[in-house]
$ cat structure24.cif   # mmCIF, N, CA and C atoms
data_model
#
loop_
_atom_site.label_atom_id
_atom_site.label_comp_id
_atom_site.auth_asym_id
_atom_site.auth_seq_id
_atom_site.Cartn_x
_atom_site.Cartn_y
_atom_site.Cartn_z
N MET A 1 0.84 -1.16 0.00
CA MET A 1 0.00 0.00 0.00
C MET A 1 0.89 1.23 0.00
N GLY A 2 0.57 2.20 -0.78
CA GLY A 2 1.39 3.39 -0.93
C GLY A 2 0.97 4.53 -0.03
N PHE A 3 1.37 5.69 -0.43
CA PHE A 3 1.19 6.93 0.30
C PHE A 3 -0.01 7.65 -0.30
N HIS A 4 -1.16 7.70 0.42
CA HIS A 4 -2.39 8.26 -0.14
C HIS A 4 -2.99 9.31 0.78
N PRO A 5 -2.87 10.62 0.43
CA PRO A 5 -3.50 11.65 1.25
C PRO A 5 -5.02 11.53 1.19
N ARG A 6 -5.68 11.84 2.31
CA ARG A 6 -7.13 11.82 2.37
C ARG A 6 -7.63 13.02 3.16
N PHE A 7 -8.84 13.44 2.89
CA PHE A 7 -9.58 14.43 3.65
C PHE A 7 -8.85 15.77 3.82
N PRO A 8 -8.26 16.34 2.75
CA PRO A 8 -7.64 17.64 2.94
C PRO A 8 -8.69 18.70 3.23
N MET A 9 -8.37 19.59 4.16
CA MET A 9 -9.25 20.69 4.50
C MET A 9 -8.42 21.97 4.48
N SER A 10 -8.99 23.06 3.98
CA SER A 10 -8.25 24.31 3.96
C SER A 10 -8.69 25.18 5.12
N GLY A 11 -8.00 26.31 5.29
CA GLY A 11 -8.34 27.24 6.36
C GLY A 11 -7.21 27.35 7.35
N VAL A 12 -7.47 28.04 8.44
CA VAL A 12 -6.45 28.27 9.45
C VAL A 12 -6.01 26.95 10.09
N CYS A 13 -6.96 26.10 10.37
CA CYS A 13 -6.66 24.81 10.98
C CYS A 13 -6.75 23.75 9.89
N ARG A 14 -5.62 23.24 9.46
CA ARG A 14 -5.55 22.29 8.36
C ARG A 14 -5.43 20.88 8.92
N THR A 15 -6.31 20.00 8.47
CA THR A 15 -6.25 18.60 8.91
C THR A 15 -6.19 17.71 7.68
N ASP A 16 -5.30 16.75 7.71
CA ASP A 16 -5.17 15.77 6.63
C ASP A 16 -4.93 14.41 7.26
N GLU A 17 -5.16 13.37 6.46
CA GLU A 17 -4.89 12.01 6.92
C GLU A 17 -4.34 11.19 5.76
N ILE A 18 -3.38 10.35 6.07
CA ILE A 18 -2.86 9.39 5.09
C ILE A 18 -2.95 8.00 5.70
N THR A 19 -2.96 7.02 4.82
CA THR A 19 -2.90 5.63 5.26
C THR A 19 -1.79 4.95 4.47
N VAL A 20 -0.91 4.28 5.19
CA VAL A 20 0.23 3.59 4.58
C VAL A 20 0.33 2.19 5.17
N SER A 21 1.07 1.35 4.52
CA SER A 21 1.41 0.04 5.07
C SER A 21 2.31 0.26 6.28
N SER A 22 2.26 -0.65 7.23
CA SER A 22 3.10 -0.54 8.42
C SER A 22 4.57 -0.83 8.15
N ASP A 23 4.94 -1.06 6.92
CA ASP A 23 6.33 -1.30 6.55
C ASP A 23 7.20 -0.12 6.99
N ALA A 24 8.31 -0.41 7.66
CA ALA A 24 9.20 0.63 8.18
C ALA A 24 9.70 1.56 7.09
N GLY A 25 9.76 1.09 5.86
CA GLY A 25 10.20 1.91 4.74
C GLY A 25 9.28 3.08 4.44
N ASN A 26 8.08 3.07 4.99
CA ASN A 26 7.14 4.17 4.77
C ASN A 26 7.35 5.34 5.73
N LEU A 27 8.30 5.20 6.65
CA LEU A 27 8.55 6.27 7.61
C LEU A 27 8.83 7.60 6.92
N TYR A 28 9.65 7.60 5.89
CA TYR A 28 10.04 8.86 5.26
C TYR A 28 8.85 9.54 4.59
N GLY A 29 7.95 8.77 4.02
CA GLY A 29 6.73 9.35 3.46
C GLY A 29 5.86 9.96 4.53
N VAL A 30 5.77 9.28 5.68
CA VAL A 30 5.00 9.80 6.81
C VAL A 30 5.63 11.10 7.32
N LEU A 31 6.95 11.11 7.45
CA LEU A 31 7.63 12.34 7.89
C LEU A 31 7.40 13.48 6.90
N ASP A 32 7.49 13.20 5.60
CA ASP A 32 7.25 14.22 4.59
C ASP A 32 5.83 14.78 4.71
N PHE A 33 4.86 13.89 4.90
CA PHE A 33 3.47 14.29 5.06
C PHE A 33 3.31 15.23 6.26
N ILE A 34 3.89 14.84 7.39
CA ILE A 34 3.75 15.65 8.61
C ILE A 34 4.49 16.98 8.45
N MET A 35 5.72 16.94 7.97
CA MET A 35 6.50 18.17 7.82
C MET A 35 5.88 19.12 6.80
N GLY A 36 5.13 18.59 5.87
CA GLY A 36 4.43 19.43 4.90
C GLY A 36 3.46 20.39 5.57
N HIS A 37 2.98 20.04 6.74
CA HIS A 37 2.07 20.92 7.47
C HIS A 37 2.79 22.16 8.00
N LEU A 38 4.10 22.09 8.06
CA LEU A 38 4.88 23.21 8.58
C LEU A 38 5.42 24.11 7.48
N ASP A 39 5.21 23.71 6.22
CA ASP A 39 5.68 24.53 5.10
C ASP A 39 5.12 25.94 5.22
N GLY A 40 6.00 26.92 5.02
CA GLY A 40 5.58 28.31 5.07
C GLY A 40 5.51 28.90 6.47
N HIS A 41 5.82 28.09 7.49
CA HIS A 41 5.81 28.56 8.87
C HIS A 41 7.24 28.58 9.40
N GLU A 42 7.53 29.55 10.24
CA GLU A 42 8.86 29.61 10.85
C GLU A 42 8.87 28.74 12.10
N VAL A 43 9.70 27.71 12.08
CA VAL A 43 9.81 26.80 13.23
C VAL A 43 11.29 26.57 13.51
N SER A 44 11.60 26.32 14.77
CA SER A 44 13.00 26.11 15.13
C SER A 44 13.47 24.73 14.69
N GLY A 45 14.74 24.65 14.39
CA GLY A 45 15.33 23.36 14.03
C GLY A 45 15.22 22.37 15.16
N ARG A 46 15.32 22.86 16.39
CA ARG A 46 15.21 21.97 17.56
C ARG A 46 13.82 21.35 17.64
N SER A 47 12.78 22.15 17.42
CA SER A 47 11.40 21.63 17.46
C SER A 47 11.18 20.59 16.37
N VAL A 48 11.71 20.85 15.19
CA VAL A 48 11.58 19.91 14.09
C VAL A 48 12.30 18.60 14.43
N ALA A 49 13.51 18.69 14.96
CA ALA A 49 14.27 17.49 15.32
C ALA A 49 13.54 16.68 16.39
N GLN A 50 12.96 17.36 17.39
CA GLN A 50 12.22 16.66 18.44
C GLN A 50 10.99 15.96 17.86
N LEU A 51 10.28 16.64 16.98
CA LEU A 51 9.11 16.05 16.34
C LEU A 51 9.50 14.84 15.50
N GLU A 52 10.54 14.98 14.71
CA GLU A 52 10.99 13.87 13.87
C GLU A 52 11.36 12.65 14.71
N LEU A 53 12.06 12.86 15.82
CA LEU A 53 12.42 11.75 16.70
C LEU A 53 11.18 11.06 17.24
N ALA A 54 10.21 11.84 17.69
CA ALA A 54 8.98 11.27 18.25
C ALA A 54 8.22 10.47 17.19
N VAL A 55 8.07 11.03 16.00
CA VAL A 55 7.36 10.34 14.93
C VAL A 55 8.08 9.06 14.55
N GLU A 56 9.40 9.12 14.44
CA GLU A 56 10.18 7.93 14.10
C GLU A 56 10.00 6.83 15.13
N GLU A 57 10.03 7.17 16.40
CA GLU A 57 9.87 6.16 17.45
C GLU A 57 8.48 5.53 17.42
N VAL A 58 7.45 6.35 17.28
CA VAL A 58 6.08 5.82 17.25
C VAL A 58 5.89 4.92 16.03
N PHE A 59 6.29 5.40 14.85
CA PHE A 59 6.09 4.62 13.63
C PHE A 59 6.91 3.33 13.67
N ALA A 60 8.12 3.40 14.21
CA ALA A 60 8.95 2.19 14.31
C ALA A 60 8.29 1.15 15.20
N ASN A 61 7.71 1.58 16.31
CA ASN A 61 7.03 0.64 17.20
C ASN A 61 5.82 -0.01 16.52
N ILE A 62 5.06 0.79 15.79
CA ILE A 62 3.92 0.23 15.06
C ILE A 62 4.42 -0.77 14.02
N SER A 63 5.46 -0.39 13.29
CA SER A 63 6.01 -1.27 12.24
C SER A 63 6.49 -2.60 12.81
N LYS A 64 7.14 -2.56 13.96
CA LYS A 64 7.72 -3.77 14.54
C LYS A 64 6.70 -4.65 15.25
N TYR A 65 5.73 -4.04 15.93
CA TYR A 65 4.93 -4.82 16.87
C TYR A 65 3.43 -4.91 16.59
N ALA A 66 2.84 -3.94 15.94
CA ALA A 66 1.38 -3.91 15.83
C ALA A 66 0.80 -5.13 15.12
N TYR A 67 1.43 -5.55 14.04
CA TYR A 67 0.89 -6.64 13.22
C TYR A 67 1.83 -7.84 13.18
N HIS A 68 2.80 -7.88 14.06
CA HIS A 68 3.83 -8.92 14.03
C HIS A 68 3.21 -10.31 13.96
N PRO A 69 3.62 -11.14 13.02
CA PRO A 69 4.77 -11.04 12.15
C PRO A 69 4.46 -10.45 10.78
N GLY A 70 3.25 -9.96 10.55
CA GLY A 70 2.88 -9.45 9.24
C GLY A 70 2.89 -7.93 9.18
N GLU A 71 2.08 -7.42 8.26
CA GLU A 71 1.93 -5.98 8.07
C GLU A 71 0.45 -5.65 8.05
N GLY A 72 0.15 -4.41 8.28
CA GLY A 72 -1.21 -3.89 8.20
C GLY A 72 -1.15 -2.43 7.84
N GLU A 73 -2.26 -1.76 8.02
CA GLU A 73 -2.32 -0.34 7.70
C GLU A 73 -2.12 0.53 8.93
N VAL A 74 -1.52 1.69 8.69
CA VAL A 74 -1.37 2.72 9.70
C VAL A 74 -1.94 4.00 9.10
N SER A 75 -2.88 4.61 9.79
CA SER A 75 -3.39 5.91 9.37
C SER A 75 -2.73 6.96 10.25
N VAL A 76 -2.34 8.05 9.63
CA VAL A 76 -1.71 9.15 10.34
C VAL A 76 -2.49 10.41 10.00
N ALA A 77 -3.09 11.03 11.02
CA ALA A 77 -3.82 12.28 10.84
C ALA A 77 -2.99 13.40 11.43
N CYS A 78 -3.00 14.54 10.78
CA CYS A 78 -2.16 15.64 11.19
C CYS A 78 -2.96 16.93 11.11
N GLU A 79 -2.81 17.74 12.15
CA GLU A 79 -3.54 19.01 12.22
C GLU A 79 -2.63 20.06 12.84
N LEU A 80 -2.59 21.22 12.22
CA LEU A 80 -1.82 22.35 12.73
C LEU A 80 -2.80 23.48 13.00
N ASP A 81 -2.88 23.94 14.25
CA ASP A 81 -3.83 25.00 14.55
C ASP A 81 -3.15 26.37 14.46
N GLU A 82 -3.94 27.42 14.62
CA GLU A 82 -3.42 28.78 14.47
C GLU A 82 -2.39 29.14 15.54
N GLY A 83 -2.34 28.40 16.64
CA GLY A 83 -1.34 28.61 17.68
C GLY A 83 -0.07 27.82 17.45
N MET A 84 0.07 27.22 16.27
CA MET A 84 1.23 26.41 15.90
C MET A 84 1.35 25.15 16.75
N ARG A 85 0.22 24.65 17.25
CA ARG A 85 0.20 23.36 17.95
C ARG A 85 -0.07 22.31 16.88
N LEU A 86 0.90 21.40 16.72
CA LEU A 86 0.77 20.32 15.75
C LEU A 86 0.30 19.07 16.48
N ARG A 87 -0.79 18.50 16.00
CA ARG A 87 -1.35 17.28 16.58
C ARG A 87 -1.21 16.17 15.54
N VAL A 88 -0.55 15.09 15.92
CA VAL A 88 -0.36 13.94 15.03
C VAL A 88 -0.98 12.73 15.71
N ARG A 89 -1.90 12.07 14.99
CA ARG A 89 -2.60 10.90 15.53
C ARG A 89 -2.26 9.69 14.67
N PHE A 90 -1.75 8.64 15.33
CA PHE A 90 -1.41 7.37 14.68
C PHE A 90 -2.50 6.36 15.02
N MET A 91 -3.03 5.67 14.01
CA MET A 91 -4.10 4.70 14.24
C MET A 91 -3.78 3.40 13.51
N ASP A 92 -3.90 2.29 14.22
CA ASP A 92 -3.68 0.98 13.60
C ASP A 92 -4.65 -0.02 14.21
N ARG A 93 -4.89 -1.11 13.49
CA ARG A 93 -5.78 -2.17 13.96
C ARG A 93 -4.98 -3.37 14.48
N GLY A 94 -3.77 -3.11 14.88
CA GLY A 94 -2.89 -4.16 15.38
C GLY A 94 -3.27 -4.61 16.78
N VAL A 95 -2.38 -5.38 17.37
CA VAL A 95 -2.54 -5.91 18.71
C VAL A 95 -2.78 -4.74 19.67
N PRO A 96 -3.79 -4.82 20.54
CA PRO A 96 -4.00 -3.73 21.50
C PRO A 96 -2.76 -3.54 22.37
N PHE A 97 -2.29 -2.29 22.44
CA PHE A 97 -1.11 -2.01 23.25
C PHE A 97 -1.10 -0.54 23.64
N ASP A 98 -1.11 -0.28 24.95
CA ASP A 98 -1.03 1.08 25.47
C ASP A 98 0.40 1.31 25.96
N PRO A 99 1.21 2.01 25.17
CA PRO A 99 2.61 2.22 25.57
C PRO A 99 2.75 3.13 26.79
N LEU A 100 1.70 3.86 27.13
CA LEU A 100 1.78 4.78 28.27
C LEU A 100 1.61 4.07 29.61
N ARG A 101 1.16 2.83 29.58
CA ARG A 101 1.01 2.07 30.82
C ARG A 101 2.34 1.50 31.32
N ARG A 102 3.28 1.48 30.43
CA ARG A 102 4.60 0.96 30.78
C ARG A 102 5.36 2.02 31.60
N PRO A 103 6.01 1.62 32.69
CA PRO A 103 6.78 2.61 33.46
C PRO A 103 7.98 3.13 32.67
N ASP A 104 8.34 4.37 32.92
CA ASP A 104 9.52 4.94 32.28
C ASP A 104 10.76 4.19 32.76
N PRO A 105 11.74 4.03 31.88
CA PRO A 105 12.98 3.35 32.30
C PRO A 105 13.74 4.22 33.30
N ASP A 106 14.48 3.56 34.15
CA ASP A 106 15.33 4.26 35.11
C ASP A 106 16.63 4.62 34.39
N THR A 107 16.71 5.85 33.93
CA THR A 107 17.87 6.26 33.14
C THR A 107 19.11 6.50 34.00
N THR A 108 18.97 6.37 35.33
CA THR A 108 20.15 6.48 36.19
C THR A 108 20.90 5.16 36.28
N MET A 109 20.22 4.06 35.87
CA MET A 109 20.87 2.75 35.90
C MET A 109 21.80 2.60 34.69
N PRO A 110 22.87 1.85 34.83
CA PRO A 110 23.72 1.56 33.67
C PRO A 110 22.90 0.81 32.60
N MET A 111 23.18 1.07 31.35
CA MET A 111 22.45 0.46 30.23
C MET A 111 22.36 -1.06 30.36
N GLU A 112 23.47 -1.69 30.74
CA GLU A 112 23.50 -3.15 30.80
C GLU A 112 22.62 -3.72 31.91
N ASP A 113 22.23 -2.89 32.87
CA ASP A 113 21.38 -3.36 33.97
C ASP A 113 19.89 -3.07 33.76
N ARG A 114 19.57 -2.29 32.73
CA ARG A 114 18.17 -1.93 32.48
C ARG A 114 17.44 -3.03 31.72
N PRO A 115 16.15 -3.22 32.03
CA PRO A 115 15.37 -4.15 31.22
C PRO A 115 15.23 -3.61 29.80
N ILE A 116 15.09 -4.51 28.84
CA ILE A 116 14.94 -4.11 27.44
C ILE A 116 13.55 -3.52 27.24
N GLY A 117 13.48 -2.48 26.43
CA GLY A 117 12.20 -1.89 26.05
C GLY A 117 11.85 -0.65 26.85
N GLY A 118 10.98 0.15 26.26
CA GLY A 118 10.45 1.32 26.93
C GLY A 118 11.21 2.61 26.70
N LEU A 119 12.42 2.52 26.17
CA LEU A 119 13.20 3.74 25.97
C LEU A 119 12.62 4.61 24.84
N GLY A 120 12.10 3.98 23.80
CA GLY A 120 11.54 4.73 22.68
C GLY A 120 10.37 5.61 23.09
N ILE A 121 9.40 5.05 23.80
CA ILE A 121 8.24 5.84 24.22
C ILE A 121 8.66 6.88 25.24
N PHE A 122 9.67 6.59 26.05
CA PHE A 122 10.24 7.57 26.98
C PHE A 122 10.77 8.77 26.21
N LEU A 123 11.49 8.51 25.12
CA LEU A 123 12.01 9.59 24.28
C LEU A 123 10.87 10.40 23.64
N VAL A 124 9.82 9.71 23.23
CA VAL A 124 8.66 10.41 22.67
C VAL A 124 8.10 11.37 23.72
N LYS A 125 7.86 10.87 24.92
CA LYS A 125 7.31 11.70 26.00
C LYS A 125 8.17 12.93 26.25
N ARG A 126 9.48 12.76 26.18
CA ARG A 126 10.40 13.86 26.48
C ARG A 126 10.47 14.91 25.36
N ASN A 127 10.01 14.55 24.17
CA ASN A 127 10.16 15.44 23.02
C ASN A 127 8.87 16.05 22.51
N VAL A 128 7.74 15.73 23.13
CA VAL A 128 6.47 16.33 22.74
C VAL A 128 5.83 16.98 23.96
N ASP A 129 4.81 17.80 23.72
CA ASP A 129 4.13 18.49 24.82
C ASP A 129 3.06 17.64 25.48
N SER A 130 2.44 16.75 24.70
CA SER A 130 1.47 15.84 25.30
C SER A 130 1.37 14.58 24.45
N ILE A 131 0.92 13.50 25.11
CA ILE A 131 0.75 12.22 24.43
C ILE A 131 -0.43 11.52 25.09
N GLU A 132 -1.29 10.93 24.26
CA GLU A 132 -2.46 10.21 24.75
C GLU A 132 -2.64 8.92 23.97
N TYR A 133 -3.20 7.92 24.64
CA TYR A 133 -3.52 6.65 23.99
C TYR A 133 -4.96 6.29 24.28
N SER A 134 -5.61 5.68 23.29
CA SER A 134 -6.92 5.07 23.51
C SER A 134 -7.06 3.89 22.56
N ARG A 135 -7.95 2.99 22.92
CA ARG A 135 -8.32 1.89 22.03
C ARG A 135 -9.75 2.22 21.62
N THR A 136 -9.94 2.59 20.36
CA THR A 136 -11.22 3.09 19.88
C THR A 136 -11.63 2.34 18.62
N ASP A 137 -12.82 1.77 18.63
CA ASP A 137 -13.35 1.05 17.46
C ASP A 137 -12.36 0.01 16.94
N GLY A 138 -11.72 -0.73 17.85
CA GLY A 138 -10.79 -1.78 17.45
C GLY A 138 -9.45 -1.27 16.96
N ARG A 139 -9.14 -0.02 17.25
CA ARG A 139 -7.87 0.55 16.79
C ARG A 139 -7.08 1.13 17.95
N ASN A 140 -5.77 0.97 17.88
CA ASN A 140 -4.87 1.71 18.75
C ASN A 140 -4.82 3.14 18.22
N VAL A 141 -5.00 4.11 19.09
CA VAL A 141 -4.95 5.52 18.68
C VAL A 141 -3.97 6.22 19.62
N LEU A 142 -2.84 6.65 19.08
CA LEU A 142 -1.84 7.36 19.85
C LEU A 142 -1.73 8.76 19.26
N THR A 143 -1.94 9.76 20.11
CA THR A 143 -1.90 11.16 19.66
C THR A 143 -0.78 11.89 20.38
N ILE A 144 0.06 12.55 19.59
CA ILE A 144 1.10 13.40 20.16
C ILE A 144 0.82 14.85 19.74
N GLU A 145 1.18 15.77 20.61
CA GLU A 145 1.04 17.19 20.30
C GLU A 145 2.34 17.89 20.62
N LYS A 146 2.67 18.85 19.76
CA LYS A 146 3.90 19.63 19.95
C LYS A 146 3.64 21.05 19.47
N VAL A 147 3.94 22.02 20.34
CA VAL A 147 3.88 23.41 19.92
C VAL A 147 5.17 23.68 19.13
N MET A 148 4.98 24.10 17.91
CA MET A 148 6.12 24.30 17.03
C MET A 148 6.59 25.74 17.09
#

$ encode --input "structure24.cif" --output "structure tokens"
Amino acid sequence: MGFHPRFPMSGVCRTDEITVSSDAGNLYGVLDFIMGHLDGHEVSGRSVAQLELAVEEVFANISKYAYHPGEGEVSVACELDEGMRLRVRFMDRGVPFDPLRRPDPDTTMPMEDRPIGGLGIFLVKRNVDSIEYSRTDGRNVLTIEKVM
């Protein structure tokens, strides 16, 4: 499945949605789609880097785990409001999983003593202004927000 924009809306608050295969190779198309919402706006390089890291971590987790061992669809909705708050919502019909229920890793422990997992979502939390999860209509829905 390729890169297919859906539901474009014009105006001050622009919302769009795409659906792609959960294949990790689609990350760059997803990033292009999201960053396209910032075209024509002045944003700091730091904010862009933080957003890119968060999107990469979320999409990588969906690619690796949502449909394991196969693939499925991931819908990504993006909205930029007049206050430059960017809201990105990831939706998949994969295995139910709330990454926010997992405790944050103890970053004071040496790497070799830490349990595996959880660092990616920890990085997402540290790089966005808010993050929410719900299981809605048989879908995992993870929403991140970042003031750009």

$ resolve_selection --input "structure24.cif" --expression "the PyMOL selection byres ((chain A and resi 60-69) around 8)" --output "list of chain:residue names"
A:Ser21, A:Ser22, A:Asp23, A:Ala24, A:Gly25, A:Leu27, A:Ala54, A:Val55, A:Glu56, A:Glu57, A:Val58, A:Phe59, A:Gly70, A:Glu71, A:Gly72, A:Glu73, A:Val74, A:Asp92, A:Arg93, A:Gly94, A:Val95, A:Pro96, A:Phe97

$ atom_distance --input "structure24.cif" --atom1 "atom N of A:Leu123" --atom2 "atom N of A:Gly40"
27.8 Å

$ closest_residue --input "structure24.cif" --among "A:Pro110, A:Glu82, A:Asp129, A:Val88" --to "A:Ile34" --atoms "all atoms listed in the file"
A:Val88

$ residues_around --input "structure24.cif" --residues "A:Ser75" --least-positions-apart "3" --cutoff "7 Å" --atoms "all atoms listed in the file" --output "VMD selection string"
chain A and resid 17 to 20 89 to 92

$ write_last_selection --input "structure24.cif" --atoms "N, CA and C atoms" --output "PDB file, in the frame of the given file"
ATOM      1  N   GLU A  17      -5.160  13.370   6.460  1.00  0.00           N
ATOM      2  CA  GLU A  17      -4.890  12.010   6.920  1.00  0.00           C
ATOM      3  C   GLU A  17      -4.340  11.190   5.760  1.00  0.00           C
ATOM      4  N   ILE A  18      -3.380  10.350   6.070  1.00  0.00           N
ATOM      5  CA  ILE A  18      -2.860   9.390   5.090  1.00  0.00           C
ATOM      6  C   ILE A  18      -2.950   8.000   5.700  1.00  0.00           C
ATOM      7  N   THR A  19      -2.960   7.020   4.820  1.00  0.00           N
ATOM      8  CA  THR A  19      -2.900   5.630   5.260  1.00  0.00           C
ATOM      9  C   THR A  19      -1.790   4.950   4.470  1.00  0.00           C
ATOM     10  N   VAL A  20      -0.910   4.280   5.190  1.00  0.00           N
ATOM     11  CA  VAL A  20       0.230   3.590   4.580  1.00  0.00           C
ATOM     12  C   VAL A  20       0.330   2.190   5.170  1.00  0.00           C
ATOM     13  N   ARG A  89      -1.900  12.070  14.990  1.00  0.00           N
ATOM     14  CA  ARG A  89      -2.600  10.900  15.530  1.00  0.00           C
ATOM     15  C   ARG A  89      -2.260   9.690  14.670  1.00  0.00           C
ATOM     16  N   PHE A  90      -1.750   8.640  15.330  1.00  0.00           N
ATOM     17  CA  PHE A  90      -1.410   7.370  14.680  1.00  0.00           C
ATOM     18  C   PHE A  90      -2.500   6.360  15.020  1.00  0.00           C
ATOM     19  N   MET A  91      -3.030   5.670  14.010  1.00  0.00           N
ATOM     20  CA  MET A  91      -4.100   4.700  14.240  1.00  0.00           C
ATOM     21  C   MET A  91      -3.780   3.400  13.510  1.00  0.00           C
ATOM     22  N   ASP A  92      -3.900   2.290  14.220  1.00  0.00           N
ATOM     23  CA  ASP A  92      -3.680   0.980  13.600  1.00  0.00           C
ATOM     24  C   ASP A  92      -4.650  -0.020  14.210  1.00  0.00           C
TER      25      ASP A  92
END

$ select_by_dssp --input "structure24.cif" --residues "stretch 7-130 of chain A" --states "strand (DSSP E or B)" --output "list of chain:residue names"
A:Arg14, A:Thr15, A:Asp16, A:Glu17, A:Ile18, A:Thr19, A:Val20, A:Ser21, A:Glu73, A:Val74, A:Ser75, A:Val76, A:Ala77, A:Cys78, A:Glu79, A:Leu80, A:Arg85, A:Leu86, A:Arg87, A:Val88, A:Arg89, A:Phe90, A:Met91, A:Asp92, A:Ser130

$ atom_distance --input "structure24.cif" --atom1 "atom N of A:Phe122" --atom2 "atom N of A:Thr143"
13.4 Å

$ residues_around --input "structure24.cif" --residues "A:Gln50" --least-positions-apart "6" --cutoff "8 Å" --atoms "only N, CA and C atoms" --output "list of chain:residue names"
A:Ser44, A:Glu56, A:Val124, A:Arg126, A:Asn127, A:Val128

$ write_last_selection --input "structure24.cif" --atoms "N, CA and C atoms" --output "mmCIF file, in the frame of the given file"
data_model
loop_
_atom_site.group_PDB
_atom_site.id
_atom_site.type_symbol
_atom_site.label_atom_id
_atom_site.label_comp_id
_atom_site.auth_asym_id
_atom_site.auth_seq_id
_atom_site.Cartn_x
_atom_site.Cartn_y
_atom_site.Cartn_z
ATOM 1 N N SER A 44 11.600 26.320 14.770
ATOM 2 C CA SER A 44 13.000 26.110 15.130
ATOM 3 C C SER A 44 13.470 24.730 14.690
ATOM 4 N N GLU A 56 9.400 9.120 14.440
ATOM 5 C CA GLU A 56 10.180 7.930 14.100
ATOM 6 C C GLU A 56 10.000 6.830 15.130
ATOM 7 N N VAL A 124 9.820 9.710 23.230
ATOM 8 C CA VAL A 124 8.660 10.410 22.670
ATOM 9 C C VAL A 124 8.100 11.370 23.720
ATOM 10 N N ARG A 126 9.480 12.760 26.180
ATOM 11 C CA ARG A 126 10.400 13.860 26.480
ATOM 12 C C ARG A 126 10.470 14.910 25.360
ATOM 13 N N ASN A 127 10.010 14.550 24.170
ATOM 14 C CA ASN A 127 10.160 15.440 23.020
ATOM 15 C C ASN A 127 8.870 16.050 22.510
ATOM 16 N N VAL A 128 7.740 15.730 23.130
ATOM 17 C CA VAL A 128 6.470 16.330 22.740
ATOM 18 C C VAL A 128 5.830 16.980 23.960
#

$ atom_distance --input "structure24.cif" --atom1 "atom N of A:Asp16" --atom2 "atom CA of A:Gly138"
21.6 Å

$ select_by_dssp --input "structure24.cif" --residues "chain A" --states "alpha helix (DSSP H)" --output "number ranges by chain"
A: 27-35, 45-61, 119-127

$ residues_around --input "structure24.cif" --residues "A:Ile144" --least-positions-apart "3" --cutoff "5 Å" --atoms "all atoms listed in the file" --output "NGL selection string"
:A and (87-88 or 130-131)

$ residues_around --input "structure24.cif" --residues "A:His37" --least-positions-apart "6" --cutoff "8 Å" --atoms "all atoms listed in the file" --output "compact mmCIF listing (two decimals) with N, CA and C atoms, in the coordinates of the input"
# COMPACT_ATOMS: atom_id res chain seq x y z
N ARG A 14 -5.62 23.24 9.46
CA ARG A 14 -5.55 22.29 8.36
C ARG A 14 -5.43 20.88 8.92
N LEU A 31 6.95 11.11 7.45
CA LEU A 31 7.63 12.34 7.89
C LEU A 31 7.40 13.48 6.90
N CYS A 78 -3.00 14.54 10.78
CA CYS A 78 -2.16 15.64 11.19
C CYS A 78 -2.96 16.93 11.11
N GLU A 79 -2.81 17.74 12.15
CA GLU A 79 -3.54 19.01 12.22
C GLU A 79 -2.63 20.06 12.84
N LEU A 80 -2.59 21.22 12.22
CA LEU A 80 -1.82 22.35 12.73
C LEU A 80 -2.80 23.48 13.00

$ residues_around --input "structure24.cif" --residues "A:Tyr133" --least-positions-apart "6" --cutoff "7 Å" --atoms "only C-alpha atoms" --output "ChimeraX atom specification"
/A:98,141-143

$ build_atoms --input "structure24.cif" --residues "stretch 139-146 of chain A" --atoms "N, CA, C and O atoms" --output "PDB file, in the coordinates of the input"
ATOM      1  N   ARG A 139      -9.140  -0.020  17.250  1.00  0.00           N
ATOM      2  CA  ARG A 139      -7.870   0.550  16.790  1.00  0.00           C
ATOM      3  C   ARG A 139      -7.080   1.130  17.950  1.00  0.00           C
ATOM      4  O   ARG A 139      -7.643   1.697  18.882  1.00  0.00           O
ATOM      5  N   ASN A 140      -5.770   0.970  17.880  1.00  0.00           N
ATOM      6  CA  ASN A 140      -4.870   1.710  18.750  1.00  0.00           C
ATOM      7  C   ASN A 140      -4.820   3.140  18.220  1.00  0.00           C
ATOM      8  O   ASN A 140      -4.621   3.339  17.010  1.00  0.00           O
ATOM      9  N   VAL A 141      -5.000   4.110  19.090  1.00  0.00           N
ATOM     10  CA  VAL A 141      -4.950   5.520  18.680  1.00  0.00           C
ATOM     11  C   VAL A 141      -3.970   6.220  19.620  1.00  0.00           C
ATOM     12  O   VAL A 141      -4.232   6.354  20.819  1.00  0.00           O
ATOM     13  N   LEU A 142      -2.840   6.650  19.080  1.00  0.00           N
ATOM     14  CA  LEU A 142      -1.840   7.360  19.850  1.00  0.00           C
ATOM     15  C   LEU A 142      -1.730   8.760  19.260  1.00  0.00           C
ATOM     16  O   LEU A 142      -1.476   8.922  18.069  1.00  0.00           O
ATOM     17  N   THR A 143      -1.940   9.760  20.110  1.00  0.00           N
ATOM     18  CA  THR A 143      -1.900  11.160  19.660  1.00  0.00           C
ATOM     19  C   THR A 143      -0.780  11.890  20.380  1.00  0.00           C
ATOM     20  O   THR A 143      -0.686  11.839  21.608  1.00  0.00           O
ATOM     21  N   ILE A 144       0.060  12.550  19.590  1.00  0.00           N
ATOM     22  CA  ILE A 144       1.100  13.400  20.160  1.00  0.00           C
ATOM     23  C   ILE A 144       0.820  14.850  19.740  1.00  0.00           C
ATOM     24  O   ILE A 144       0.263  15.093  18.664  1.00  0.00           O
ATOM     25  N   GLU A 145       1.180  15.770  20.610  1.00  0.00           N
ATOM     26  CA  GLU A 145       1.040  17.190  20.300  1.00  0.00           C
ATOM     27  C   GLU A 145       2.340  17.890  20.620  1.00  0.00           C
ATOM     28  O   GLU A 145       3.012  17.575  21.609  1.00  0.00           O
ATOM     29  N   LYS A 146       2.670  18.850  19.760  1.00  0.00           N
ATOM     30  CA  LYS A 146       3.900  19.630  19.950  1.00  0.00           C
ATOM     31  C   LYS A 146       3.640  21.050  19.470  1.00  0.00           C
ATOM     32  O   LYS A 146       3.178  21.256  18.362  1.00  0.00           O
TER      33      LYS A 146
END
